[in-house]
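J.: Pasting a structure here, questions to come.
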Amino acid sequence: MNALLRLTLLRTMPALFFLAAAIVPASAEAAVTAGAAAAEKGGAMVSLPAGTYRPLYGKAGDGETRVEAFRLDRDPVTRGEFLAFVRANPEWRRSQVRGVHADRATYLNDWTGDLEAGTARTLRLPVTWVSWSAARAFCESSGKRLPTVKEWEYAAAASAGERDASRDPAFLQRLTSEYARRGLGLRDIGELEPNAWGVRGLHEMTWEWVEDFNSVLVSDDSRGVGAREFDQVCASAAIGATDPSNYAAFLRYAVRAGLEGRSAMGSLGFRCAI
Amino acid sequence: MPRFDRTAFALLLLIGGVLGAIAYGRGSTNAAASQVSSAKPADAHEHHEPADEGRSAPSSRVSLADLTSAWRDQTGTERTLTGPREDRRLAVVTMLYTNCTVSCPRLIADLKRIEGALTEEQRERVEFIVVSLDPARDTPEKLAAFAKDMRADDERWTFLNGSDAAVREVASVLRVRYVTEANGEISHTNRIVVLDEAKEPIHWQAGLGSGVPGTVEAIQAQTARDN
């Protein structure tokens with residue numbers, strides 16, 4: 001190598017190093033974005049036909065409830081999908097969200113920054129620590145909505161083999177075991193078997209937001225409607241459970257009854273419906 | 001250059017490059033973070049009282065003025081739930097529906113008792129907002145007729161009709177639980193909530209009747225604060 005070339009090479013090496021320094025973080029970010037894009041690809045939906053199911057709470061003597069046909073996300077909304085949403089909608093980022101929509105003390109609690117939701121693997125997990133308002137806004141942004149309690153319960157009554165397994169004690173027992181695992185870590189959605197409708201992870205991942213979570217009126221006076229009832233609650237029906245043996249359903253309803261619109265929990269996520 | 005100097009020089013450049021990469025990475029994260037946190041909320045000019053020192057930033061407080069869905073009042077006029085931002089009245093809010101025969105008239109009676117317990121000056125500073133849980137049947141015209149029947153038809157009373165989604169959202173903030181039964185009745189919890197001038201909840205009355213004095217006190221205390 002001649003002396004001039006060697007000298008030129010040496011002189012440009014610092015510049016080359018700093019160029020490398022500029023590219024390295026950018027490519028790391030690109031990898032995260034690529035991971036986010038892959039996680040965004042979720043979005044598969046399942047069509048459920050109109051049908052009936054027996055709700056846990058209702059008037060004594062109520063038969064089954066009718067549910068109209070609807071479509072439901074096959075899988076829960078992921079962190080990657082929610083990251084893309086807050087990237088495009090800054091008013092839903094952790095540092096900017098309005099107090100009426102979320103509690104800053106809990107909202108996106110386990111993210112390390114407004115736009116930092118973890119590694120490519122973490123981005124595939126269901127998003128949690130989201131409020132009802134945020135979940136609704138997300139669904140709305142993709143032309144969808146949250147499912148109602150009825151729709152969610154109808155979809156969730158299915159086991160792997162049966163569309164309505166709500167009277168199968170073995171199925172209900174399995175659900176109770178699944179709920180006991182809440183907060184012990186999330187599995188990869190790919191490991192879960194779809195239910196008879198083709199929906200995955202309704203019971204095995206997190207509790208899930210529904211549009212009318214505050215329609216659950218759980219009366220603490222099981223003796224039925226009395227004078228005290230009318231003071232706190234205007235209700236003509238005796239709000240009792242139709243199936244006291246369905247402990248799994250009790251748990252789901254109890255979680256809903258304890259929520260507020262700005263609540264967020266590590267064990268609470270959501271999926272959308274149309 | 002002597003051989004050992006070249007190697008040392010190359011090593012120095014390598015170390016410099018690594019340090020540069022780290023510094024660049026740190027720098028860009030900080031820049032992004034400060035960009036986000038310096039974005040001021042649109043209404044940073046909100047009224048601040050001395051007692052606010054130590055409370056969280058304005059945008060993280062719970063204000064119903066941040067609910068942007070559209071409503072129609074009993075005159076058919078469009079507005080947000082809490083009305084124009086310049087309206088610095090207190091608000092006393094409840095949710096009911098006109099076809100409700102048992103507790104809803106009592107809710108209105110409670111609101112009127114509250115209204116009656118205030119001085120004329122205090123009354124000027126309060127808006128009574130009644131949100132219908134049954135927008136399908138409680139049209140603005142129906143609400144106007146209801147307001148007249150209840151003799152709650154002066155300028156201080158606002159009856160609102162909105163979408164199902166908007167009603168569900170307000171209920172979630174006011175902690176009202178409601179469900180439509182098979183027979184068309186709407187079971188609901190009875191709540192009266194007082195909002196201050198910034199439309200932030202300052203008092204919650206659950207149930208009927210006995211909570212009225214407490215609600216009146218809260219309103220009087222709030223109006224006294226700004227005098």
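Letters for chains follow the order of the structure tokens (A, B, ...), residue numbers begin at 1 for each chain, and ligand numbers begin at 1 in the order shown.
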Report as a list in words all protein, DNA and RNA residues lying within 9 Å of Ile219 of chain B, evaluated on only C-alpha atoms, omitting residues in the same chain fewer than 4 positions from it.

T.: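 That gives Leu90, Val92, Leu118, Gln122, Val126, Val194, Leu195, Asp196, Ile202, His203, Gly214, Thr215, Thr223 and Ala224 of chain B.
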
J.: Residues as selected, C-alpha atoms, written as a CSV table (one decimal), in the first residue's frame, can you do that?

T.:
```csv
chain,number,residue,atom,x,y,z
B,90,LEU,CA,-69.8,24.0,39.2
B,92,VAL,CA,-74.1,18.6,39.8
B,118,LEU,CA,-78.4,27.0,48.1
B,122,GLN,CA,-74.6,30.1,45.0
B,126,VAL,CA,-74.2,25.8,39.6
B,194,VAL,CA,-70.4,17.4,42.2
B,195,LEU,CA,-67.8,18.8,39.8
B,196,ASP,CA,-65.7,21.9,40.5
B,202,ILE,CA,-65.1,16.8,44.3
B,203,HIS,CA,-68.1,15.0,45.9
B,214,GLY,CA,-73.3,16.4,52.5
B,215,THR,CA,-73.7,17.4,48.9
B,223,THR,CA,-68.2,28.3,46.1
B,224,ALA,CA,-66.7,29.8,49.3
```

J.: If we count only C-alpha atoms and set the cut-off at 7 Å, which residues sit around Lys144 of chain A, ignoring sequence neighbours fewer than 4 positions away in its own chain? Please answer as a PyMOL selection string.

T.: chain A and resi 139-140+272-274

J.: Generate the output file for the selected residues, N, CA and C atoms, as a PDB file, in the first residue's frame.

T.:
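Output file result_29.pdb follows:
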```pdb
ATOM      1  N   CYS A 139     -59.467  -0.017  19.640  1.00  0.00           N
ATOM      2  CA  CYS A 139     -60.393  -0.743  18.759  1.00  0.00           C
ATOM      3  C   CYS A 139     -61.012   0.214  17.742  1.00  0.00           C
ATOM      4  N   GLU A 140     -61.396   1.393  18.215  1.00  0.00           N
ATOM      5  CA  GLU A 140     -62.013   2.377  17.322  1.00  0.00           C
ATOM      6  C   GLU A 140     -61.070   2.767  16.200  1.00  0.00           C
ATOM      7  N   CYS A 272     -60.557  -7.021  20.259  1.00  0.00           N
ATOM      8  CA  CYS A 272     -61.614  -6.222  19.651  1.00  0.00           C
ATOM      9  C   CYS A 272     -62.617  -7.099  18.913  1.00  0.00           C
ATOM     10  N   ALA A 273     -63.743  -6.478  18.573  1.00  0.00           N
ATOM     11  CA  ALA A 273     -64.811  -7.167  17.863  1.00  0.00           C
ATOM     12  C   ALA A 273     -65.373  -6.230  16.798  1.00  0.00           C
ATOM     13  N   ILE A 274     -66.151  -6.812  15.874  1.00  0.00           N
ATOM     14  CA  ILE A 274     -66.896  -5.981  14.920  1.00  0.00           C
ATOM     15  C   ILE A 274     -68.341  -6.467  14.929  1.00  0.00           C
TER      16      ILE A 274
END
```

J.: Please provide as a ChimeraX atom specification all residues within 10 Å of Glu193 of chain A, with the sequence filter that same-chain residues fewer than 5 positions apart are discarded (counting only C-alpha atoms).

T.: /A:159-160,198-201,204

J.: Can you list, as a list in words, every protein, DNA or RNA residue that comes within 8 Å of segment 83-92 of chain A when you count only C-alpha atoms, leaving out same-chain residues fewer than 4 positions away?

T.: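 Everything that qualifies: Ala36, Glu40, Arg79, Gln96, Val97, Arg98, Leu115, Glu116, Ala117, Ala134, Phe138 and Ser141 of chain A.
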
J.: Would you pick out the contacts of Gly162 of chain B at 8 Å or less, using only C-alpha atoms, so that residues sharing its chain but fewer than 5 positions from it are not included, and give the list as a ChimeraX atom specification?

T.: /B:70-72,132,135,167

J.: Nearest residue to chain B out of A:Ala102, A:Leu202, A:Val67, A:Val210, using only C-alpha atoms?

T.: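 Using only C-alpha atoms, chain B sits closest to A:Ala102.
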
J.: Excluding same-chain residues fewer than 6 positions from Val131 of chain B, what lies within 10 Å of it counting only C-alpha atoms, as a list in words?

T.: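 That gives Trp71, Asp73, Leu81, Val93, Thr94, Met95, Leu96, Tyr97, Asp138, Leu143, Thr158, Phe159, Leu160, Asn161, Gly162, Val167, Val170 and Ala171 of chain B.
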
J.: Please, could you write that set of residues out with N, CA and C atoms as a PDB file, in the first residue's frame?

T.:
```
ATOM      1  N   TRP B  71     -73.144  15.651  22.532  1.00  0.00           N
ATOM      2  CA  TRP B  71     -74.459  15.433  23.127  1.00  0.00           C
ATOM      3  C   TRP B  71     -75.430  16.454  22.569  1.00  0.00           C
ATOM      4  N   ASP B  73     -78.768  18.726  23.993  1.00  0.00           N
ATOM      5  CA  ASP B  73     -79.535  19.019  25.199  1.00  0.00           C
ATOM      6  C   ASP B  73     -81.034  19.065  24.870  1.00  0.00           C
ATOM      7  N   LEU B  81     -70.330  17.229  27.154  1.00  0.00           N
ATOM      8  CA  LEU B  81     -70.985  16.943  28.431  1.00  0.00           C
ATOM      9  C   LEU B  81     -70.953  18.145  29.369  1.00  0.00           C
ATOM     10  N   VAL B  93     -74.117  16.452  38.666  1.00  0.00           N
ATOM     11  CA  VAL B  93     -74.450  15.537  37.569  1.00  0.00           C
ATOM     12  C   VAL B  93     -75.107  14.270  38.084  1.00  0.00           C
ATOM     13  N   THR B  94     -76.115  13.811  37.366  1.00  0.00           N
ATOM     14  CA  THR B  94     -76.697  12.515  37.667  1.00  0.00           C
ATOM     15  C   THR B  94     -77.099  11.818  36.378  1.00  0.00           C
ATOM     16  N   MET B  95     -77.435  10.522  36.489  1.00  0.00           N
ATOM     17  CA  MET B  95     -77.879   9.759  35.325  1.00  0.00           C
ATOM     18  C   MET B  95     -79.186   9.051  35.672  1.00  0.00           C
ATOM     19  N   LEU B  96     -80.162   9.182  34.795  1.00  0.00           N
ATOM     20  CA  LEU B  96     -81.446   8.528  35.003  1.00  0.00           C
ATOM     21  C   LEU B  96     -82.149   8.437  33.645  1.00  0.00           C
ATOM     22  N   TYR B  97     -83.394   7.984  33.629  1.00  0.00           N
ATOM     23  CA  TYR B  97     -84.134   7.976  32.367  1.00  0.00           C
ATOM     24  C   TYR B  97     -85.595   8.232  32.671  1.00  0.00           C
ATOM     25  N   ASP B 138     -85.376   8.638  25.183  1.00  0.00           N
ATOM     26  CA  ASP B 138     -85.310  10.006  25.730  1.00  0.00           C
ATOM     27  C   ASP B 138     -84.717  10.964  24.711  1.00  0.00           C
ATOM     28  N   LEU B 143     -87.065  14.880  26.643  1.00  0.00           N
ATOM     29  CA  LEU B 143     -86.371  15.457  27.795  1.00  0.00           C
ATOM     30  C   LEU B 143     -86.910  16.843  28.128  1.00  0.00           C
ATOM     31  N   THR B 158     -79.771  21.159  32.575  1.00  0.00           N
ATOM     32  CA  THR B 158     -79.427  20.623  31.261  1.00  0.00           C
ATOM     33  C   THR B 158     -79.728  19.136  31.248  1.00  0.00           C
ATOM     34  N   PHE B 159     -80.516  18.704  30.270  1.00  0.00           N
ATOM     35  CA  PHE B 159     -80.828  17.279  30.101  1.00  0.00           C
ATOM     36  C   PHE B 159     -80.171  16.819  28.815  1.00  0.00           C
ATOM     37  N   LEU B 160     -79.408  15.729  28.870  1.00  0.00           N
ATOM     38  CA  LEU B 160     -78.589  15.353  27.719  1.00  0.00           C
ATOM     39  C   LEU B 160     -78.939  14.005  27.095  1.00  0.00           C
ATOM     40  N   ASN B 161     -78.924  14.016  25.767  1.00  0.00           N
ATOM     41  CA  ASN B 161     -79.106  12.809  24.962  1.00  0.00           C
ATOM     42  C   ASN B 161     -77.818  12.553  24.178  1.00  0.00           C
ATOM     43  N   GLY B 162     -77.266  11.343  24.279  1.00  0.00           N
ATOM     44  CA  GLY B 162     -76.030  11.039  23.556  1.00  0.00           C
ATOM     45  C   GLY B 162     -76.041   9.626  22.995  1.00  0.00           C
ATOM     46  N   VAL B 167     -72.806   7.463  26.563  1.00  0.00           N
ATOM     47  CA  VAL B 167     -73.472   7.226  27.849  1.00  0.00           C
ATOM     48  C   VAL B 167     -72.657   6.239  28.677  1.00  0.00           C
ATOM     49  N   VAL B 170     -69.576   8.115  30.145  1.00  0.00           N
ATOM     50  CA  VAL B 170     -69.892   8.987  31.277  1.00  0.00           C
ATOM     51  C   VAL B 170     -70.174   8.150  32.522  1.00  0.00           C
ATOM     52  N   ALA B 171     -70.936   7.073  32.337  1.00  0.00           N
ATOM     53  CA  ALA B 171     -71.257   6.198  33.474  1.00  0.00           C
ATOM     54  C   ALA B 171     -69.980   5.650  34.099  1.00  0.00           C
TER      55      ALA B 171
END
```

J.: Can you tell me which residues surround Ala206 of chain B at a distance of at most 10 Å, considering only C-alpha atoms, apart from same-chain residues fewer than 3 positions away, and format the answer as a PyMOL selection string?

T.: (chain A and resi 231-233) or (chain B and resi 175-176+189-193+203+209-212)

J.: Could you dump the residues just selected with C-alpha atoms as a PDB file, in the first residue's frame?

T.:
```pdb
ATOM      1  CA  ASP A 231     -81.904   3.363  47.733  1.00  0.00           C
ATOM      2  CA  GLN A 232     -78.612   2.289  46.190  1.00  0.00           C
ATOM      3  CA  VAL A 233     -79.849   0.564  43.122  1.00  0.00           C
TER       4      VAL A 233
ATOM      5  CA  ARG B 175     -69.193   5.181  38.690  1.00  0.00           C
ATOM      6  CA  VAL B 176     -72.768   4.539  37.647  1.00  0.00           C
ATOM      7  CA  THR B 189     -77.042   2.700  40.648  1.00  0.00           C
ATOM      8  CA  ASN B 190     -78.136   6.084  42.015  1.00  0.00           C
ATOM      9  CA  ARG B 191     -75.347   8.649  41.968  1.00  0.00           C
ATOM     10  CA  ILE B 192     -75.102  12.425  42.247  1.00  0.00           C
ATOM     11  CA  VAL B 193     -71.617  13.804  41.576  1.00  0.00           C
ATOM     12  CA  HIS B 203     -68.054  14.984  45.899  1.00  0.00           C
ATOM     13  CA  GLY B 209     -82.093  11.102  50.400  1.00  0.00           C
ATOM     14  CA  SER B 210     -79.670  10.994  53.279  1.00  0.00           C
ATOM     15  CA  GLY B 211     -76.692  12.159  51.240  1.00  0.00           C
ATOM     16  CA  VAL B 212     -78.207  15.535  50.319  1.00  0.00           C
TER      17      VAL B 212
END
```

J.: Can you pull out every residue from segment 72-196 of chain B that DSSP, working from the backbone, puts in alpha helix (DSSP H), and format the result as JSON, numbers by chain?

T.: {"B": [104, 105, 106, 107, 108, 109, 110, 111, 112, 113, 114, 115, 116, 117, 120, 121, 122, 123, 124, 140, 141, 142, 143, 144, 145, 146, 147, 148, 149, 164, 165, 166, 167, 168, 169, 170, 171, 172, 173, 174]}

J.: Let me see the file: selected residues, C-alpha atoms, as an mmCIF file, in the first residue's frame.

T.:
```cif
data_model
loop_
_atom_site.group_PDB
_atom_site.id
_atom_site.type_symbol
_atom_site.label_atom_id
_atom_site.label_comp_id
_atom_site.auth_asym_id
_atom_site.auth_seq_id
_atom_site.Cartn_x
_atom_site.Cartn_y
_atom_site.Cartn_z
ATOM 1 C CA CYS B 104 -85.571 8.441 39.215
ATOM 2 C CA PRO B 105 -88.209 10.912 40.408
ATOM 3 C CA ARG B 106 -86.499 10.711 43.785
ATOM 4 C CA LEU B 107 -83.151 11.547 42.170
ATOM 5 C CA ILE B 108 -84.710 14.650 40.654
ATOM 6 C CA ALA B 109 -86.269 15.462 44.026
ATOM 7 C CA ASP B 110 -82.822 15.232 45.617
ATOM 8 C CA LEU B 111 -81.370 17.572 43.006
ATOM 9 C CA LYS B 112 -84.148 20.072 43.652
ATOM 10 C CA ARG B 113 -83.599 19.870 47.387
ATOM 11 C CA ILE B 114 -79.938 20.623 46.751
ATOM 12 C CA GLU B 115 -80.896 23.538 44.530
ATOM 13 C CA GLY B 116 -83.301 24.856 47.151
ATOM 14 C CA ALA B 117 -80.739 24.681 49.947
ATOM 15 C CA GLU B 120 -79.446 32.666 45.097
ATOM 16 C CA GLU B 121 -75.803 33.662 44.611
ATOM 17 C CA GLN B 122 -74.637 30.087 44.973
ATOM 18 C CA ARG B 123 -77.346 28.850 42.616
ATOM 19 C CA GLU B 124 -76.005 31.171 39.887
ATOM 20 C CA PRO B 140 -84.421 15.969 23.251
ATOM 21 C CA GLU B 141 -88.152 16.613 22.866
ATOM 22 C CA LYS B 142 -88.976 13.969 25.459
ATOM 23 C CA LEU B 143 -86.371 15.457 27.795
ATOM 24 C CA ALA B 144 -87.819 18.944 27.350
ATOM 25 C CA ALA B 145 -91.266 17.640 28.297
ATOM 26 C CA PHE B 146 -89.793 15.770 31.267
ATOM 27 C CA ALA B 147 -87.953 18.901 32.423
ATOM 28 C CA LYS B 148 -91.203 20.832 32.310
ATOM 29 C CA ASP B 149 -93.061 18.133 34.270
ATOM 30 C CA ASP B 164 -74.798 4.557 23.665
ATOM 31 C CA ALA B 165 -71.010 4.682 23.678
ATOM 32 C CA ALA B 166 -70.974 8.209 25.125
ATOM 33 C CA VAL B 167 -73.472 7.226 27.849
ATOM 34 C CA ARG B 168 -71.371 4.168 28.709
ATOM 35 C CA GLU B 169 -68.279 6.389 28.987
ATOM 36 C CA VAL B 170 -69.892 8.987 31.277
ATOM 37 C CA ALA B 171 -71.257 6.198 33.474
ATOM 38 C CA SER B 172 -67.779 4.735 33.805
ATOM 39 C CA VAL B 173 -66.424 8.069 35.030
ATOM 40 C CA LEU B 174 -69.341 8.765 37.391
#
```

J.: Please report, as a list in words, each residue of segment 58-158 of chain A to which DSSP assigns strand (DSSP E or B) when run on this structure's backbone.

T.: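 Those in segment 58-158 of chain A that DSSP calls strand (DSSP E or B) are Gly58, Thr65, Arg66, Val67, Phe70, Arg71, Leu72, Asp73, Thr78, Gly113, Glu116, Pro126 and Arg145 of chain A.
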
J.: For a quick check of understanding, using only C-alpha atoms, which of A:Arg182, A:His203, A:Arg174, A:Arg94 has the smallest distance to chain B?

T.: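 Closest residue, counting only C-alpha atoms: A:Arg94.
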
J.: Between B:Arg88, B:His188, B:Arg125, B:Lys199, which residue has the minimum interatomic distance to chain A, considering only C-alpha atoms?

T.: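 For chain A, the nearest of the given residues is B:His188.
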